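S.K.: Just passing along the structure, written as structure tokens.
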Amino acid sequence: MSTSAATARPAPEAAGGRLRLLLLAAAIAAAALAAYADSFRGPFFFDDLPAITENDSIQHLERIGAVLSPPSADGRAVAGRPVVNLSFALNWALSGADPWSYHAANLAIHVLAGLALFGLVRRTLARIGLPRPELAAFAAALLWVLHPLQTESVTAVVQRTESLMGLFFLLTFYCFARAADEPAPLRWHLLSWICCLLGMATKEVMVTAPVLVLLYDRTFIAGSFREAWRRRARVHLSLAATWILLAALLVHGGGTRGGAAGFGLNISPWVYALTQCRAIVLYLRLAFYPSPLIVDYGTATVRRLAAVWPQALLLAALLAATAWALVRRPRWGFLGAWFFVILSPSSSFVPLITQTIAEHRMYLPLAAVAVGAVVLLQRLAGTRSLAIFLLLAAALGAGTARRNRDYRSAVAIWADTAAKLPDNPGARNNLGNALADAGRPEEARAQYEAALRIDPRNAQAHYNLGNLLLAEGRPEPAIAHYAQTARLDPTFTRLHGNFGVALLRAGRVQEAVQQLIAAVEQDPGRAEAHYNLAGALVQAGDLSDAVREFRAAVKLRPDFADARYNLALTLERVGLGSEAAEEYRQVLRLTPNDAEARSRLARLEAGP
């Protein structure tokens, strides 16, 4: 890289050159497929569950309005991200709750992003006159695609939010760079704008794209901000206008991503910024030495500058070097700006409380590291650099394949996380959930109890331990943990339903009714919530209200045989025999071998 901006237009590719580019692109795709071959068997886990298996909005593709208005409660990963929700709806239409198509889509997105990076870097390096730009671009894209630090963004299904946004981000740049090489650039500028708009509806980090496109124009095309603005002011204004969509989506979601991000969430900007000093230095280390990789770093924060002053000093030096380079060595400065600007929405001072450190945030910033390393190594090693790149790529690909084996089951990934961060209560709690789902309740109990020893105020662990005790038929100790959950987090979602069931089983009917009413109010579209409330109302002697709730349950789920059977029983008790008979018929349609329903229907049909 030279120190001044180049404005020369790359020469058109000859037929042989196009074939070489296709072969290089095919090699990138094949390498990615080999590295991620084992990822297709991985189950849904962690944030996948609320975003996919518990997300009713993706299960009916024909209801496009609901698909494009994803649920914003519980800090779900799809909140305010309609393009991601639409992509999950397409997967649901293809394979339902079977994860294979989701993994296939994630890998396809990652490969396309790698090819977009390949095209962007090749055009950029050709513009500044670097010899054999296609080989340097190939090496950078290959290292980026195969790097183990990318596994979370590709193998953890819900992190499609990062990789899909990354694809639109890179396509925005590629189309903009392509327009600069075309005599009639309007089509490519329009495609760049469309990709930017789609990115804004995919993840909030896309907010940085219009700023970096302007910087790219100044650095690699126009030579100055004044010239970039003179030539393409309308293009840059149109890209900036996509912020309007992002702002509307944020406002629609309440401005805090369902309570996961934003100010006023019990963590100050200063504390979060100190935590990010540690995070960003960790990301840089993992870029050069990707071990150990951890899927959940928890919510720990840094509250004193003294705890992270070396990291803060290093970051201050890197930021100062980037600022200097933007003026004196703009091409190197652009790489530094790419790294820091893209990280800034998630890794500066705006709190993200669900994960204060997350490897997937390096998905796009890693490109700057890869490109910079390739250009430097090519300068140092010359023609030998390609062999070095291929060896590095093989090592990175092997590391990615090895890391993907950790995702083979929810138990495996959480056991790996808990082993690497044994004092992370969230990892212990999630390992407990995975063990409970795998039918290993004693081991699950040990993990929940370990989480509570580390953090006695962990509401999630109290709730999950309560669920385990309730499933074992021990409602009284379950009630104690549910009550503790309510004290620690009065806004805890999903608490009321199980709390009410435990109270009901303990014979505390009136308290159960109050909890179950709250569960219905919290999630009126859940048939089980109406069903549980109806059962409590029957025990309380309020049969007319019980009928209403049973009817609500079967309206939401017409195939809910237990709800129909209990509705029929209650209708009998209030003297509505003909309606009860019809419900028994529906029960027998759903469960033809139900002898009790058949017997009761026969008695009703026989008359008094």
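Note on naming: chains are A, B, ... as they come in the structure tokens, residues start from 1 per chain, ligands start from 1 in the order shown.
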Run DSSP on the backbone and tell me which residues of segment 275-316 of chain A come out as alpha helix (DSSP H); list them as a ChimeraX atom specification.
M.R.: /A:275-288,309-316
S.K.: Please dump the current selection as a compact mmCIF listing (two decimals), in the first residue's frame; keep N, CA and C atoms.
M.R.:
# COMPACT_ATOMS: atom_id res chain seq x y z
N THR A 275 -15.17 -2.01 30.42
CA THR A 275 -15.28 -3.43 30.08
C THR A 275 -14.85 -3.69 28.65
N GLN A 276 -15.17 -2.74 27.76
CA GLN A 276 -14.80 -2.92 26.36
C GLN A 276 -13.30 -2.75 26.11
N CYS A 277 -12.61 -2.06 27.00
CA CYS A 277 -11.14 -2.04 26.89
C CYS A 277 -10.60 -3.47 26.96
N ARG A 278 -11.11 -4.21 27.93
CA ARG A 278 -10.71 -5.62 28.04
C ARG A 278 -11.19 -6.42 26.83
N ALA A 279 -12.41 -6.16 26.40
CA ALA A 279 -13.00 -6.95 25.30
C ALA A 279 -12.23 -6.76 24.00
N ILE A 280 -11.93 -5.52 23.62
CA ILE A 280 -11.32 -5.27 22.32
C ILE A 280 -9.90 -5.83 22.26
N VAL A 281 -9.16 -5.70 23.36
CA VAL A 281 -7.82 -6.29 23.37
C VAL A 281 -7.91 -7.82 23.28
N LEU A 282 -8.92 -8.40 23.93
CA LEU A 282 -9.14 -9.84 23.80
C LEU A 282 -9.43 -10.20 22.34
N TYR A 283 -10.29 -9.42 21.68
CA TYR A 283 -10.61 -9.70 20.28
C TYR A 283 -9.35 -9.67 19.41
N LEU A 284 -8.48 -8.70 19.65
CA LEU A 284 -7.24 -8.60 18.87
C LEU A 284 -6.36 -9.83 19.11
N ARG A 285 -6.27 -10.26 20.36
CA ARG A 285 -5.47 -11.46 20.63
C ARG A 285 -6.05 -12.68 19.94
N LEU A 286 -7.38 -12.81 20.00
CA LEU A 286 -8.01 -13.96 19.35
C LEU A 286 -7.86 -13.91 17.84
N ALA A 287 -7.73 -12.73 17.28
CA ALA A 287 -7.52 -12.63 15.83
C ALA A 287 -6.19 -13.26 15.42
N PHE A 288 -5.19 -13.16 16.29
CA PHE A 288 -3.88 -13.72 15.98
C PHE A 288 -3.66 -15.09 16.61
N TRP A 309 -5.98 -0.68 32.97
CA TRP A 309 -5.18 0.43 32.42
C TRP A 309 -4.23 -0.02 31.32
N PRO A 310 -3.62 -1.24 31.36
CA PRO A 310 -2.76 -1.60 30.22
C PRO A 310 -3.54 -1.71 28.91
N GLN A 311 -4.73 -2.34 28.99
CA GLN A 311 -5.56 -2.45 27.79
C GLN A 311 -6.02 -1.07 27.30
N ALA A 312 -6.41 -0.21 28.25
CA ALA A 312 -6.84 1.13 27.87
C ALA A 312 -5.71 1.90 27.20
N LEU A 313 -4.49 1.75 27.73
CA LEU A 313 -3.34 2.44 27.15
C LEU A 313 -3.05 1.93 25.74
N LEU A 314 -3.13 0.62 25.56
CA LEU A 314 -2.90 0.04 24.23
C LEU A 314 -3.94 0.53 23.24
N LEU A 315 -5.20 0.53 23.64
CA LEU A 315 -6.26 1.00 22.75
C LEU A 315 -6.10 2.47 22.42
N ALA A 316 -5.71 3.28 23.42
CA ALA A 316 -5.48 4.70 23.15
C ALA A 316 -4.38 4.88 22.12
S.K.: Kindly give the distance, in Å, that separates atom CA of Ala373 of chain A and atom CA of Phe389 of chain A, rounded to a single decimal.
M.R.: 10.0 Å
S.K.: If I take atom CA of Leu376 of chain A and atom CA of Leu326 of chain A, how far is one from the other in Å, to one decimal?
M.R.: 17.8 Å
S.K.: Out of A:Tyr463, A:Phe138, A:Phe40, A:Phe560, which residue has the shortest atom-to-atom distance to Tyr102 of chain A when counting only C-alpha atoms?
M.R.: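 Smallest distance to Tyr102 of chain A is found for A:Phe40.
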S.K.: Find the residues around segment 334-345 of chain A up to 8 Å (only C-alpha atoms counted), leave out those fewer than 6 positions away in its own chain, and share them as a list in words.
M.R.: Glu204, Val205, Thr208, Leu212, Leu215, Tyr216, Thr219, Leu319, Thr322, Leu326, Arg361, Met362, Leu364, Pro365, Leu366, Ala368, Val369 and Gly372 of chain A
S.K.: What does the structure give for the distance between atom CA of Asn498 of chain A and atom CA of Gln515 of chain A, in Å to one decimal?
M.R.: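 Calculated distance between atom CA of Asn498 of chain A and atom CA of Gln515 of chain A is 8.7 Å.
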S.K.: Could you pull the residues within 9 Å of Ser544 of chain A, counting only C-alpha atoms, minus those fewer than 3 positions along the same chain, as a PyMOL selection string?
M.R.: chain A and resi 537-538+541+547-549+570-571+574
S.K.: Which polymer residues have any atom within 12 Å of an atom of Asn430 of chain A, counting only C-alpha atoms, with same-chain residues fewer than 2 positions away left out, as a PDB file with C-alpha atoms, in the first residue's frame?
M.R.:
ATOM      1  CA  PHE A  45     -29.366 -23.747  21.739  1.00  0.00           C
ATOM      2  CA  PHE A  46     -29.214 -20.586  23.858  1.00  0.00           C
ATOM      3  CA  ASP A  47     -30.625 -17.566  21.956  1.00  0.00           C
ATOM      4  CA  VAL A 295     -19.558 -18.927  23.350  1.00  0.00           C
ATOM      5  CA  ASP A 296     -20.718 -16.921  26.377  1.00  0.00           C
ATOM      6  CA  GLY A 298     -21.262 -13.718  30.749  1.00  0.00           C
ATOM      7  CA  ALA A 410     -26.124 -28.209  23.724  1.00  0.00           C
ATOM      8  CA  VAL A 411     -24.503 -30.228  26.530  1.00  0.00           C
ATOM      9  CA  ALA A 412     -21.155 -30.208  24.703  1.00  0.00           C
ATOM     10  CA  ILE A 413     -21.021 -26.458  24.022  1.00  0.00           C
ATOM     11  CA  TRP A 414     -22.100 -25.507  27.539  1.00  0.00           C
ATOM     12  CA  ALA A 415     -19.767 -28.042  29.151  1.00  0.00           C
ATOM     13  CA  ASP A 416     -16.962 -26.515  27.071  1.00  0.00           C
ATOM     14  CA  THR A 417     -17.963 -23.016  28.207  1.00  0.00           C
ATOM     15  CA  ALA A 418     -18.250 -23.967  31.867  1.00  0.00           C
ATOM     16  CA  ASN A 424     -19.608 -17.951  34.881  1.00  0.00           C
ATOM     17  CA  PRO A 425     -23.058 -18.535  36.458  1.00  0.00           C
ATOM     18  CA  GLY A 426     -24.779 -18.160  33.102  1.00  0.00           C
ATOM     19  CA  ALA A 427     -22.731 -20.997  31.618  1.00  0.00           C
ATOM     20  CA  ARG A 428     -23.553 -23.201  34.605  1.00  0.00           C
ATOM     21  CA  GLY A 432     -28.101 -27.244  33.642  1.00  0.00           C
ATOM     22  CA  ASN A 433     -30.812 -26.548  31.076  1.00  0.00           C
ATOM     23  CA  ALA A 434     -29.051 -28.698  28.484  1.00  0.00           C
ATOM     24  CA  LEU A 435     -28.641 -31.563  30.957  1.00  0.00           C
ATOM     25  CA  ALA A 436     -32.293 -31.302  32.022  1.00  0.00           C
ATOM     26  CA  ASP A 437     -33.392 -31.448  28.377  1.00  0.00           C
ATOM     27  CA  ALA A 444     -28.736 -30.471  35.959  1.00  0.00           C
ATOM     28  CA  ARG A 445     -29.500 -29.795  39.625  1.00  0.00           C
ATOM     29  CA  ALA A 446     -25.766 -29.746  40.408  1.00  0.00           C
ATOM     30  CA  GLN A 447     -25.174 -27.091  37.738  1.00  0.00           C
ATOM     31  CA  TYR A 448     -28.066 -24.901  38.913  1.00  0.00           C
ATOM     32  CA  ALA A 450     -23.277 -24.276  41.285  1.00  0.00           C
ATOM     33  CA  ALA A 451     -24.653 -21.219  39.483  1.00  0.00           C
ATOM     34  CA  GLN A 460     -32.669 -17.456  35.935  1.00  0.00           C
ATOM     35  CA  ALA A 461     -30.974 -20.227  37.926  1.00  0.00           C
ATOM     36  CA  ASN A 464     -34.798 -23.238  36.313  1.00  0.00           C
ATOM     37  CA  LEU A 465     -34.146 -25.053  39.571  1.00  0.00           C
TER      38      LEU A 465
END
S.K.: Within 12 Å of Leu23 of chain A, counting only C-alpha atoms, which residues qualify if same-chain residues fewer than 6 places away don't, as an mmCIF file with all heavy atoms, in the first residue's frame?
M.R.:
data_model
loop_
_atom_site.group_PDB
_atom_site.id
_atom_site.type_symbol
_atom_site.label_atom_id
_atom_site.label_comp_id
_atom_site.auth_asym_id
_atom_site.auth_seq_id
_atom_site.Cartn_x
_atom_site.Cartn_y
_atom_site.Cartn_z
ATOM 1 N N GLY A 16 -9.152 -15.234 -19.601
ATOM 2 C CA GLY A 16 -8.338 -16.065 -18.719
ATOM 3 C C GLY A 16 -8.350 -15.562 -17.298
ATOM 4 O O GLY A 16 -8.368 -16.333 -16.342
ATOM 5 N N GLY A 17 -8.368 -14.231 -17.153
ATOM 6 C CA GLY A 17 -8.427 -13.646 -15.817
ATOM 7 C C GLY A 17 -9.736 -13.961 -15.130
ATOM 8 O O GLY A 17 -9.763 -14.239 -13.926
ATOM 9 N N ALA A 29 -15.051 -21.114 -1.497
ATOM 10 C CA ALA A 29 -16.290 -21.799 -1.132
ATOM 11 C C ALA A 29 -16.027 -23.230 -0.688
ATOM 12 O O ALA A 29 -16.591 -23.702 0.314
ATOM 13 C CB ALA A 29 -17.262 -21.767 -2.305
ATOM 14 N N ALA A 30 -15.156 -23.940 -1.415
ATOM 15 C CA ALA A 30 -14.869 -25.335 -1.071
ATOM 16 C C ALA A 30 -14.176 -25.434 0.287
ATOM 17 O O ALA A 30 -14.473 -26.327 1.085
ATOM 18 C CB ALA A 30 -14.000 -25.964 -2.163
ATOM 19 N N LEU A 115 -16.938 -14.149 -0.514
ATOM 20 C CA LEU A 115 -16.758 -13.811 -1.933
ATOM 21 C C LEU A 115 -16.900 -12.309 -2.161
ATOM 22 O O LEU A 115 -16.198 -11.726 -2.990
ATOM 23 C CB LEU A 115 -17.766 -14.584 -2.777
ATOM 24 C CG LEU A 115 -17.610 -16.110 -2.753
ATOM 25 C CD1 LEU A 115 -18.671 -16.776 -3.624
ATOM 26 C CD2 LEU A 115 -16.210 -16.528 -3.201
ATOM 27 N N GLU A 134 -5.425 -10.154 -7.212
ATOM 28 C CA GLU A 134 -6.367 -11.255 -7.000
ATOM 29 C C GLU A 134 -5.813 -12.274 -6.018
ATOM 30 O O GLU A 134 -6.566 -12.878 -5.239
ATOM 31 C CB GLU A 134 -6.740 -11.913 -8.327
ATOM 32 C CG GLU A 134 -5.651 -12.724 -9.001
ATOM 33 C CD GLU A 134 -4.645 -11.863 -9.763
ATOM 34 O OE1 GLU A 134 -4.786 -10.625 -9.745
ATOM 35 O OE2 GLU A 134 -3.740 -12.442 -10.388
ATOM 36 N N LEU A 135 -4.495 -12.478 -5.992
ATOM 37 C CA LEU A 135 -3.919 -13.442 -5.056
ATOM 38 C C LEU A 135 -3.949 -12.907 -3.627
ATOM 39 O O LEU A 135 -4.242 -13.651 -2.682
ATOM 40 C CB LEU A 135 -2.494 -13.790 -5.476
ATOM 41 C CG LEU A 135 -2.373 -14.574 -6.783
ATOM 42 C CD1 LEU A 135 -0.919 -14.903 -7.082
ATOM 43 C CD2 LEU A 135 -3.210 -15.851 -6.736
ATOM 44 N N PHE A 138 -7.525 -13.096 -2.570
ATOM 45 C CA PHE A 138 -7.864 -14.492 -2.298
ATOM 46 C C PHE A 138 -7.350 -14.907 -0.926
ATOM 47 O O PHE A 138 -8.073 -15.521 -0.124
ATOM 48 C CB PHE A 138 -7.257 -15.382 -3.375
ATOM 49 C CG PHE A 138 -7.272 -16.852 -3.058
ATOM 50 C CD1 PHE A 138 -8.460 -17.572 -3.082
ATOM 51 C CD2 PHE A 138 -6.096 -17.512 -2.709
ATOM 52 C CE1 PHE A 138 -8.473 -18.932 -2.782
ATOM 53 C CE2 PHE A 138 -6.105 -18.865 -2.408
ATOM 54 C CZ PHE A 138 -7.288 -19.580 -2.438
#
S.K.: Go through A:Trp229, A:Trp243, A:Tyr482, A:Tyr407 and flag the residue nearest Trp193 of chain A, using only C-alpha atoms for the distances.
M.R.: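 Ranking A:Trp229, A:Trp243, A:Tyr482, A:Tyr407 by distance to Trp193 of chain A, first place goes to A:Trp243.
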S.K.: Compare A:Ala546, A:Ala89, A:Ala563, A:Ala177 by their minimum atom-to-atom distance to Ser101 of chain A, counting only C-alpha atoms, and give me the closest one.
M.R.: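 The answer is A:Ala89, which sits nearest to Ser101 of chain A.
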S.K.: What are the closest atom pairs, with distances in Å to one decimal, for all residues of segment 24-49 of chain A lying within 10 Å of segment 118-132 of chain A? Consider only C-alpha atoms, order rows by chain and residue number, and present the result as a Markdown table.
M.R.:
| residue | atom | partner | partner_atom | distance |
| --- | --- | --- | --- | --- |
| A:Leu24 | CA | A:Phe118 | CA | 9.2 |
| A:Ala25 | CA | A:Phe118 | CA | 7.8 |
| A:Ile28 | CA | A:Phe118 | CA | 9.1 |
S.K.: So which residues touch Pro477 of chain A within 9 Å, counting only C-alpha atoms, skipping near sequence neighbours fewer than 6 positions away, as number ranges by chain?
M.R.: A: 466, 469-470
S.K.: Any chance you can output those residues with N, CA and C atoms as an mmCIF file, in the first residue's frame?
M.R.:
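The file below, selection-v4.cif, is the result:
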data_model
loop_
_atom_site.group_PDB
_atom_site.id
_atom_site.type_symbol
_atom_site.label_atom_id
_atom_site.label_comp_id
_atom_site.auth_asym_id
_atom_site.auth_seq_id
_atom_site.Cartn_x
_atom_site.Cartn_y
_atom_site.Cartn_z
ATOM 1 N N GLY A 466 -36.382 -24.243 40.111
ATOM 2 C CA GLY A 466 -37.793 -24.419 40.446
ATOM 3 C C GLY A 466 -38.501 -25.317 39.444
ATOM 4 N N LEU A 469 -37.541 -28.951 40.112
ATOM 5 C CA LEU A 469 -38.223 -29.477 41.298
ATOM 6 C C LEU A 469 -39.706 -29.720 41.016
ATOM 7 N N LEU A 470 -40.318 -28.836 40.248
ATOM 8 C CA LEU A 470 -41.732 -29.015 39.901
ATOM 9 C C LEU A 470 -41.918 -30.270 39.057
#
